[in-house]
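Trainee: So here's work-v2.tsv (TSV, N, CA and C atoms).
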```tsv
chain	number	residue	atom	x	y	z
A	1	MET	N	6.65	28.70	7.46
A	1	MET	CA	6.32	27.64	8.38
A	1	MET	C	7.45	27.46	9.38
A	2	THR	N	7.08	27.19	10.59
A	2	THR	CA	8.11	27.01	11.61
A	2	THR	C	8.72	25.61	11.54
A	3	GLU	N	9.83	25.46	12.24
A	3	GLU	CA	10.51	24.17	12.25
A	3	GLU	C	9.66	23.10	12.94
A	4	GLU	N	8.96	23.48	13.97
A	4	GLU	CA	8.10	22.52	14.69
A	4	GLU	C	6.94	22.05	13.82
A	5	ALA	N	6.39	22.95	13.04
A	5	ALA	CA	5.31	22.57	12.13
A	5	ALA	C	5.80	21.61	11.06
A	6	MET	N	7.00	21.83	10.57
A	6	MET	CA	7.56	20.94	9.56
A	6	MET	C	7.84	19.55	10.15
A	7	ARG	N	8.26	19.50	11.40
A	7	ARG	CA	8.50	18.21	12.07
A	7	ARG	C	7.22	17.42	12.24
A	8	LEU	N	6.11	18.11	12.42
A	8	LEU	CA	4.82	17.42	12.55
A	8	LEU	C	4.24	17.06	11.19
A	9	LEU	N	4.51	17.86	10.20
A	9	LEU	CA	3.94	17.65	8.87
A	9	LEU	C	4.69	16.59	8.06
A	10	ALA	N	5.98	16.47	8.24
A	10	ALA	CA	6.79	15.54	7.44
A	10	ALA	C	6.37	14.08	7.59
A	11	PRO	N	6.16	13.56	8.81
A	11	PRO	CA	5.72	12.16	8.91
A	11	PRO	C	4.33	11.94	8.31
A	12	ALA	N	3.46	12.91	8.47
A	12	ALA	CA	2.11	12.77	7.91
A	12	ALA	C	2.16	12.71	6.39
A	13	LEU	N	2.98	13.53	5.79
A	13	LEU	CA	3.12	13.49	4.33
A	13	LEU	C	3.79	12.20	3.88
A	14	ALA	N	4.76	11.72	4.64
A	14	ALA	CA	5.46	10.48	4.26
A	14	ALA	C	4.51	9.30	4.24
A	15	ILE	N	3.70	9.14	5.27
A	15	ILE	CA	2.80	7.99	5.30
A	15	ILE	C	1.61	8.21	4.37
A	16	GLY	N	1.17	9.44	4.22
A	16	GLY	CA	0.05	9.72	3.33
A	16	GLY	C	0.39	9.45	1.88
A	17	MET	N	1.51	9.98	1.43
A	17	MET	CA	1.92	9.75	0.04
A	17	MET	C	2.44	8.35	-0.17
A	18	GLY	N	3.03	7.78	0.85
A	18	GLY	CA	3.56	6.42	0.73
A	18	GLY	C	2.50	5.35	0.70
A	19	SER	N	1.32	5.63	1.22
A	19	SER	CA	0.24	4.64	1.18
A	19	SER	C	-0.73	4.86	0.03
A	20	LEU	N	-0.57	5.95	-0.70
A	20	LEU	CA	-1.45	6.23	-1.83
A	20	LEU	C	-1.24	5.21	-2.96
A	21	GLY	N	-0.01	4.96	-3.32
A	21	GLY	CA	0.29	4.01	-4.39
A	21	GLY	C	-0.15	2.58	-4.09
A	22	PRO	N	0.21	2.05	-2.91
A	22	PRO	CA	-0.26	0.70	-2.59
A	22	PRO	C	-1.78	0.59	-2.50
A	23	GLY	N	-2.44	1.64	-2.06
A	23	GLY	CA	-3.90	1.62	-2.00
A	23	GLY	C	-4.51	1.49	-3.38
A	24	ILE	N	-4.00	2.26	-4.31
A	24	ILE	CA	-4.47	2.17	-5.69
A	24	ILE	C	-4.12	0.81	-6.28
A	25	GLY	N	-2.91	0.34	-6.02
A	25	GLY	CA	-2.48	-0.96	-6.55
A	25	GLY	C	-3.33	-2.11	-6.04
A	26	ILE	N	-3.65	-2.10	-4.76
A	26	ILE	CA	-4.47	-3.17	-4.19
A	26	ILE	C	-5.88	-3.13	-4.78
A	27	GLY	N	-6.41	-1.94	-4.98
A	27	GLY	CA	-7.73	-1.83	-5.60
A	27	GLY	C	-7.74	-2.37	-7.02
A	28	LEU	N	-6.72	-2.05	-7.79
A	28	LEU	CA	-6.64	-2.56	-9.16
A	28	LEU	C	-6.44	-4.08	-9.18
A	29	LEU	N	-5.61	-4.58	-8.26
A	29	LEU	CA	-5.39	-6.03	-8.20
A	29	LEU	C	-6.68	-6.78	-7.88
A	30	ALA	N	-7.42	-6.31	-6.90
A	30	ALA	CA	-8.67	-6.97	-6.52
A	30	ALA	C	-9.68	-6.88	-7.66
A	31	SER	N	-9.74	-5.75	-8.33
A	31	SER	CA	-10.68	-5.58	-9.44
A	31	SER	C	-10.39	-6.57	-10.56
A	32	LYS	N	-9.15	-6.66	-10.96
A	32	LYS	CA	-8.79	-7.57	-12.05
A	32	LYS	C	-8.93	-9.03	-11.64
A	33	ALA	N	-8.65	-9.34	-10.38
A	33	ALA	CA	-8.81	-10.72	-9.92
A	33	ALA	C	-10.29	-11.11	-9.94
A	34	LEU	N	-11.17	-10.23	-9.50
A	34	LEU	CA	-12.60	-10.54	-9.54
A	34	LEU	C	-13.10	-10.66	-10.97
A	35	GLU	N	-12.56	-9.85	-11.87
A	35	GLU	CA	-12.92	-9.96	-13.29
A	35	GLU	C	-12.52	-11.32	-13.84
A	36	SER	N	-11.30	-11.75	-13.53
A	36	SER	CA	-10.82	-13.02	-14.07
A	36	SER	C	-11.57	-14.21	-13.48
A	37	VAL	N	-11.95	-14.13	-12.22
A	37	VAL	CA	-12.73	-15.21	-11.61
A	37	VAL	C	-14.13	-15.24	-12.23
A	38	GLY	N	-14.67	-14.07	-12.52
A	38	GLY	CA	-15.98	-14.02	-13.17
A	38	GLY	C	-15.95	-14.63	-14.57
A	39	ARG	N	-14.85	-14.47	-15.26
A	39	ARG	CA	-14.73	-15.03	-16.62
A	39	ARG	C	-14.38	-16.51	-16.60
A	40	ASN	N	-13.59	-16.94	-15.61
A	40	ASN	CA	-13.14	-18.32	-15.55
A	40	ASN	C	-13.20	-18.81	-14.11
A	41	PRO	N	-14.37	-19.24	-13.65
A	41	PRO	CA	-14.52	-19.65	-12.24
A	41	PRO	C	-13.67	-20.85	-11.83
A	42	GLU	N	-13.29	-21.68	-12.79
A	42	GLU	CA	-12.49	-22.87	-12.45
A	42	GLU	C	-11.09	-22.48	-11.97
A	43	ALA	N	-10.62	-21.34	-12.37
A	43	ALA	CA	-9.26	-20.91	-12.01
A	43	ALA	C	-9.24	-20.02	-10.77
A	44	SER	N	-10.31	-20.04	-10.00
A	44	SER	CA	-10.39	-19.12	-8.86
A	44	SER	C	-9.33	-19.38	-7.80
A	45	ALA	N	-8.97	-20.63	-7.57
A	45	ALA	CA	-7.96	-20.93	-6.55
A	45	ALA	C	-6.60	-20.36	-6.95
A	46	THR	N	-6.23	-20.55	-8.21
A	46	THR	CA	-4.94	-20.02	-8.69
A	46	THR	C	-4.93	-18.50	-8.67
A	47	VAL	N	-6.02	-17.91	-9.10
A	47	VAL	CA	-6.12	-16.45	-9.12
A	47	VAL	C	-6.05	-15.90	-7.71
A	48	GLN	N	-6.73	-16.55	-6.78
A	48	GLN	CA	-6.75	-16.07	-5.40
A	48	GLN	C	-5.35	-16.13	-4.78
A	49	ILE	N	-4.62	-17.19	-5.01
A	49	ILE	CA	-3.27	-17.31	-4.45
A	49	ILE	C	-2.37	-16.21	-5.01
A	50	ASN	N	-2.42	-16.01	-6.32
A	50	ASN	CA	-1.59	-14.97	-6.92
A	50	ASN	C	-2.00	-13.58	-6.47
A	51	MET	N	-3.30	-13.35	-6.29
A	51	MET	CA	-3.78	-12.05	-5.84
A	51	MET	C	-3.29	-11.75	-4.43
A	52	ILE	N	-3.37	-12.72	-3.55
A	52	ILE	CA	-2.93	-12.51	-2.17
A	52	ILE	C	-1.43	-12.24	-2.11
A	53	LEU	N	-0.67	-12.94	-2.93
A	53	LEU	CA	0.77	-12.72	-2.97
A	53	LEU	C	1.09	-11.31	-3.47
A	54	ALA	N	0.42	-10.87	-4.52
A	54	ALA	CA	0.65	-9.53	-5.05
A	54	ALA	C	0.20	-8.44	-4.07
A	55	ILE	N	-0.90	-8.67	-3.38
A	55	ILE	CA	-1.35	-7.71	-2.37
A	55	ILE	C	-0.34	-7.61	-1.23
A	56	ALA	N	0.27	-8.72	-0.85
A	56	ALA	CA	1.28	-8.69	0.20
A	56	ALA	C	2.48	-7.84	-0.22
A	57	PHE	N	2.89	-7.96	-1.50
A	57	PHE	CA	4.00	-7.14	-1.98
A	57	PHE	C	3.62	-5.66	-2.00
A	58	CYS	N	2.40	-5.35	-2.39
A	58	CYS	CA	1.94	-3.95	-2.37
A	58	CYS	C	1.90	-3.41	-0.95
A	59	GLU	N	1.44	-4.23	-0.03
A	59	GLU	CA	1.33	-3.79	1.35
A	59	GLU	C	2.71	-3.58	1.98
A	60	ALA	N	3.71	-4.30	1.51
A	60	ALA	CA	5.07	-4.13	2.03
A	60	ALA	C	5.57	-2.72	1.73
A	61	ILE	N	5.19	-2.16	0.60
A	61	ILE	CA	5.60	-0.80	0.27
A	61	ILE	C	4.99	0.19	1.26
A	62	ALA	N	3.74	-0.03	1.64
A	62	ALA	CA	3.10	0.84	2.64
A	62	ALA	C	3.79	0.71	4.00
A	63	ILE	N	4.24	-0.48	4.32
A	63	ILE	CA	4.95	-0.67	5.59
A	63	ILE	C	6.28	0.06	5.57
A	64	TYR	N	6.97	0.06	4.41
A	64	TYR	CA	8.21	0.83	4.28
A	64	TYR	C	7.93	2.31	4.51
A	65	ALA	N	6.83	2.81	3.98
A	65	ALA	CA	6.47	4.21	4.17
A	65	ALA	C	6.19	4.50	5.65
A	66	LEU	N	5.57	3.55	6.33
A	66	LEU	CA	5.31	3.71	7.77
A	66	LEU	C	6.62	3.77	8.55
A	67	VAL	N	7.57	2.92	8.19
A	67	VAL	CA	8.88	2.93	8.87
A	67	VAL	C	9.58	4.26	8.65
A	68	VAL	N	9.53	4.77	7.43
A	68	VAL	CA	10.16	6.06	7.15
A	68	VAL	C	9.47	7.17	7.95
A	69	ALA	N	8.15	7.12	8.04
A	69	ALA	CA	7.42	8.13	8.81
A	69	ALA	C	7.79	8.08	10.29
A	70	VAL	N	7.93	6.89	10.83
A	70	VAL	CA	8.32	6.75	12.25
A	70	VAL	C	9.74	7.26	12.45
A	71	ILE	N	10.64	6.95	11.53
A	71	ILE	CA	12.01	7.46	11.64
A	71	ILE	C	12.03	8.97	11.59
A	72	ILE	N	11.27	9.55	10.68
A	72	ILE	CA	11.21	11.01	10.60
A	72	ILE	C	10.64	11.60	11.89
A	73	ALA	N	9.62	10.96	12.44
A	73	ALA	CA	8.95	11.51	13.62
A	73	ALA	C	9.81	11.44	14.87
A	74	PHE	N	10.53	10.35	15.06
A	74	PHE	CA	11.20	10.16	16.33
A	74	PHE	C	12.72	10.29	16.29
A	75	VAL	N	13.33	10.18	15.14
A	75	VAL	CA	14.78	10.22	15.09
A	75	VAL	C	15.28	11.58	14.62
A	76	ILE	N	14.67	12.09	13.58
A	76	ILE	CA	15.15	13.35	13.02
A	76	ILE	C	14.59	14.52	13.78
```
Please re-express this file's structure in structure tokens.
Mentor:
Amino acid sequence: MTEEAMRLLAPALAIGMGSLGPGIGIGLLASKALESVGRNPEASATVQINMILAIAFCEAIAIYALVVAVIIAFVI
């Protein structure tokens, strides 16, 4: 592979692999939150607040991956 091809491929791999984990995590979080609301509807407000907070932390990891991909694309 040429150097130019590696420069184009590296950011794509960084954001692709970096968003895989948070995507799976957000899916699991939403699934379990909906399960718990289905079992205990009275606690839906508490579950929703905690779910949104956890999703924000998962999404932060994807944003870190985006920053790394941008650095790779434009700085290196």
Trainee: For Ala10 (chain A), list every protein, DNA or RNA residue within 12 Å, evaluated using only C-alpha atoms, and leave out those in the same chain fewer than 2 positions away; present the list as a list in words.
Mentor: Glu3, Glu4, Ala5, Met6, Arg7, Leu8, Ala12, Leu13, Ala14, Ile15, Gly16, Met17, Gly18, Ala65, Leu66, Val68, Ala69, Val70, Ile71, Ile72, Ala73, Phe74 and Ile76 of chain A
Trainee: Go ahead and write the residues just picked, N, CA and C atoms, as a tab-separated table (two decimals), keeping the file's coordinate frame.
Mentor:
```
chain	number	residue	atom	x	y	z
A	3	GLU	N	9.83	25.46	12.24
A	3	GLU	CA	10.51	24.17	12.25
A	3	GLU	C	9.66	23.10	12.94
A	4	GLU	N	8.96	23.48	13.97
A	4	GLU	CA	8.10	22.52	14.69
A	4	GLU	C	6.94	22.05	13.82
A	5	ALA	N	6.39	22.95	13.04
A	5	ALA	CA	5.31	22.57	12.13
A	5	ALA	C	5.80	21.61	11.06
A	6	MET	N	7.00	21.83	10.57
A	6	MET	CA	7.56	20.94	9.56
A	6	MET	C	7.84	19.55	10.15
A	7	ARG	N	8.26	19.50	11.40
A	7	ARG	CA	8.50	18.21	12.07
A	7	ARG	C	7.22	17.42	12.24
A	8	LEU	N	6.11	18.11	12.42
A	8	LEU	CA	4.82	17.42	12.55
A	8	LEU	C	4.24	17.06	11.19
A	12	ALA	N	3.46	12.91	8.47
A	12	ALA	CA	2.11	12.77	7.91
A	12	ALA	C	2.16	12.71	6.39
A	13	LEU	N	2.98	13.53	5.79
A	13	LEU	CA	3.12	13.49	4.33
A	13	LEU	C	3.79	12.20	3.88
A	14	ALA	N	4.76	11.72	4.64
A	14	ALA	CA	5.46	10.48	4.26
A	14	ALA	C	4.51	9.30	4.24
A	15	ILE	N	3.70	9.14	5.27
A	15	ILE	CA	2.80	7.99	5.30
A	15	ILE	C	1.61	8.21	4.37
A	16	GLY	N	1.17	9.44	4.22
A	16	GLY	CA	0.05	9.72	3.33
A	16	GLY	C	0.39	9.45	1.88
A	17	MET	N	1.51	9.98	1.43
A	17	MET	CA	1.92	9.75	0.04
A	17	MET	C	2.44	8.35	-0.17
A	18	GLY	N	3.03	7.78	0.85
A	18	GLY	CA	3.56	6.42	0.73
A	18	GLY	C	2.50	5.35	0.70
A	65	ALA	N	6.83	2.81	3.98
A	65	ALA	CA	6.47	4.21	4.17
A	65	ALA	C	6.19	4.50	5.65
A	66	LEU	N	5.57	3.55	6.33
A	66	LEU	CA	5.31	3.71	7.77
A	66	LEU	C	6.62	3.77	8.55
A	68	VAL	N	9.53	4.77	7.43
A	68	VAL	CA	10.16	6.06	7.15
A	68	VAL	C	9.47	7.17	7.95
A	69	ALA	N	8.15	7.12	8.04
A	69	ALA	CA	7.42	8.13	8.81
A	69	ALA	C	7.79	8.08	10.29
A	70	VAL	N	7.93	6.89	10.83
A	70	VAL	CA	8.32	6.75	12.25
A	70	VAL	C	9.74	7.26	12.45
A	71	ILE	N	10.64	6.95	11.53
A	71	ILE	CA	12.01	7.46	11.64
A	71	ILE	C	12.03	8.97	11.59
A	72	ILE	N	11.27	9.55	10.68
A	72	ILE	CA	11.21	11.01	10.60
A	72	ILE	C	10.64	11.60	11.89
A	73	ALA	N	9.62	10.96	12.44
A	73	ALA	CA	8.95	11.51	13.62
A	73	ALA	C	9.81	11.44	14.87
A	74	PHE	N	10.53	10.35	15.06
A	74	PHE	CA	11.20	10.16	16.33
A	74	PHE	C	12.72	10.29	16.29
A	76	ILE	N	14.67	12.09	13.58
A	76	ILE	CA	15.15	13.35	13.02
A	76	ILE	C	14.59	14.52	13.78
```
Trainee: Please, what distance in Å, to one decimal, runs between atom N of Ala43 (chain A) and CA of Ile55 (chain A)?
Mentor: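 Computing the Euclidean distance for atom N of Ala43 (chain A) and CA of Ile55 (chain A) yields 19.3 Å.
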Trainee: Using only C-alpha atoms, which of the listed residues (A:Leu9, A:Met51, A:Ile61, A:Ala45) sits closest to Leu28 (chain A)?
Mentor: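 Looking at the shortest contact to Leu28 (chain A), the residue is A:Met51.
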Trainee: Interatomic distance between atom C of Val37 (chain A) and CA of Gly21 (chain A)?
Mentor: 25.3 Å
Trainee: Which residue out of A:Cys58, A:Val75, A:Asn50, A:Ile63 has the minimum interatomic distance to Ile26 (chain A) when only N, CA and C atoms are used?
Mentor: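 Among the listed residues, A:Cys58 lies closest to Ile26 (chain A).
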Trainee: Could you please determine the separation between atom C of Ala33 (chain A) and CA of Ser19 (chain A) in Å, to one decimal place?
Mentor: 22.0 Å
Trainee: Box for region 57-65 of chain A - axis-aligned, 5 Å on each of the six sides, all listed atoms - centre and size in Å to one decimal, as AutoDock Vina command-line options.
Mentor:
```
--center_x 4.8 --center_y -1.7 --center_z 1.6 --size_x 16.9 --size_y 22.5 --size_z 18.0
```
Trainee: Using all atoms listed in the file, pick whichever of A:Thr46, A:Leu29, A:Leu34, A:Gly23 has the shortest atom-to-atom distance to Ala62 (chain A).
Mentor: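 The answer is A:Gly23, which sits nearest to Ala62 (chain A).
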Trainee: Counting only C-alpha atoms, which of A:Gln48, A:Thr2, A:Phe57, A:Pro11 gets nearest to Ser31 (chain A)?
Mentor: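 Of A:Gln48, A:Thr2, A:Phe57, A:Pro11, the one nearest Ser31 (chain A) is A:Gln48, counting only C-alpha atoms.
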